[in-house]
Amino acid sequence: MRLRLESASRWLHRRRRRLTRRLVSRFRPRTMPRQALLLLWLTALAVVVALTGALAPRWAPTSAMVFVLLLGGFFLRMRTMVLLYLVAAAGAALTVAADGPDGATRPGDLLLLGATAVLVALFVRSRERLGVQGTLGDAMLVDLRDRLRSQGAVPPLPSDWHVETELRPAFGDSFSGDFVVATRSRHSGGADVLEVALVDVSGKGQQAGTRALLLSGALSGLLGAMPVEGFLPAANAYLLRQDWPEGFATAVHLAVDLATGDYRVSLAGHPPPGTGGAGSTWRLLDDDSGPALGLVPDVDFPVLRGTLAPGQGLYLCTDGMVEVPGEDLSVGTEVLLSLAAEASARGWRPGEAERLVDAAAVAESDDRALILVWRRG
């Protein structure tokens with residue numbers, strides 16, 4: 001009996017809530033859709049501009065209607081924008097009629113108004129493809145760029161280790177086909193390992209930026225989550241599944257034991273790293289590289305091993321750092337090795353990676369990336 005009473009009470013409570021919502025929705029005042037409200041305000045602004053132009057043409061010429069069209073381009077959809085075009089055209093016609101044949105309106109004002117209308121229409125159509133309004137699309141791209149860079153942030157390291165990264169997109173763009181992912185984790189046997197991967201996606205600048213964004217998220221999840229030797233094979237399998245028309249990328253993967261300085265490097269179609277310092281000559285590691293990622297399934301990537309003693313360093317770079325216009329790759333490689341030798345001879349200082357990129361005589365028409373790892377003496 002008690003259960004029945006509780007069930008009936010819950011049923012009555014639900015019925016009362018439904019009736020309340022229906023009454024509220026029936027008597028709630030209808031709000032004007034956002035697009036209609038924006039159109040209303042912009043129409044009022046267009047009327048003010050037109051009347052001001054008719055009464056005081058020196059203060060509001062016919063070209064002042066451009067301001068209304070630009071505001072509409074930021075906030076209105078294409079269908080609503082057509083209505084604003086009609087309002088702006090009527091306002092401009094009113095201003096021209098009030099000026100008379102010898103008025104202040106010049107043919108250039110009308111030409112400027114028409115050209116602005118065309119450009120705004122193209123902007124609105126492009127923005128509708130993204131499904132965003134105003135500058136939200138730009139904010140999204142900036143956020144994606146910042147997330148891409150944050151994935152390459154090097155985690156805190158022991159005091160005797162220092163790592164710097166420097167990325168320079170082609171032509172000064174915000175997006176690059178080069179990116180870095182890094183992590184620090186505990187591996188089997190309790191080894192404290194720093195892992196860094198430098199990847200160069202096919203293409204350059206903004207053309208490769210979208211693929212770099214997608215690939216960086218995937219590789220960031222792989223790095224440190226699986227054995228060191230499995231990183232490049234897993235990245236290769238991921239690219240093969242994407243089936244991109246230009247779906248290959250070169251990569252170098254470095255894993256350093258922060259206690260002993262022992263490191264291993266695996267290359268996938270990437271320029272070999274350079275190492276030296278502490279009295280030793282700077283040299284390239286053996287160019288024992290596997291194919292680029294995304295080309296050949298089930299491939300093995302050779303491993304290069306070594307040890308960074310106190311005072312020694314190692315750099316990883318993309319091909320943009322060694323491609324000197326009109327010269328062989330060996331010329332750019334020798335330049336970079338000599339710059340690294342000079343830096344280690346005078347003592348490693350913060351900002352060294354940036355200085356090396358600035359000093360390298362390479363073209364700015366390609367993405368450039370450099371990672372410096374050194375162990376303080």
# chains A, B, ... in the order shown; residues from 1 in each chain; ligands from 1
>>> select_by_dssp(residues="region 20-246 of chain A", states="helix (DSSP H, G or I)", output="ChimeraX atom specification")
/A:20-27,34-55,62-75,78-99,107-130,136-151,170-172,188-190,205-222,228-242
>>> residues_around(residues="Trp41 (chain A)", least_positions_apart="6", cutoff="12 Å", atoms="only C-alpha atoms", output="list in words")
Arg34, Gln35, Val47, Val48, Val68, Leu71, Gly72, Phe75, Leu76, Leu84 and Val87 of chain A
>>> residues_around(residues="Trp59 (chain A)", least_positions_apart="4", cutoff="12 Å", atoms="only C-alpha atoms", output="list in words")
Val48, Val49, Ala50, Leu51, Thr52, Gly53, Ala54, Leu55, Ser63, Ala64 and Ala104 of chain A
>>> closest_residue(among="A:Pro245, A:Gly294, A:Thr62, A:Ala218", to="Gly114 (chain A)", atoms="only C-alpha atoms")
A:Thr62
>>> select_by_dssp(residues="region 203-259 of chain A", states="strand (DSSP E or B)", output="PyMOL selection string")
chain A and resi 249-257
>>> atom_distance(atom1="CA of Gly320 (chain A)", atom2="CA of Arg368 (chain A)")
4.7 Å
>>> residues_around(residues="Val299 (chain A)", least_positions_apart="2", cutoff="10 Å", atoms="only C-alpha atoms", output="list in words")
Leu232, Pro233, Asn236, Ala237, Gly290, Pro291, Leu293, Leu295, Val296, Pro297, Phe301 and Pro302 of chain A
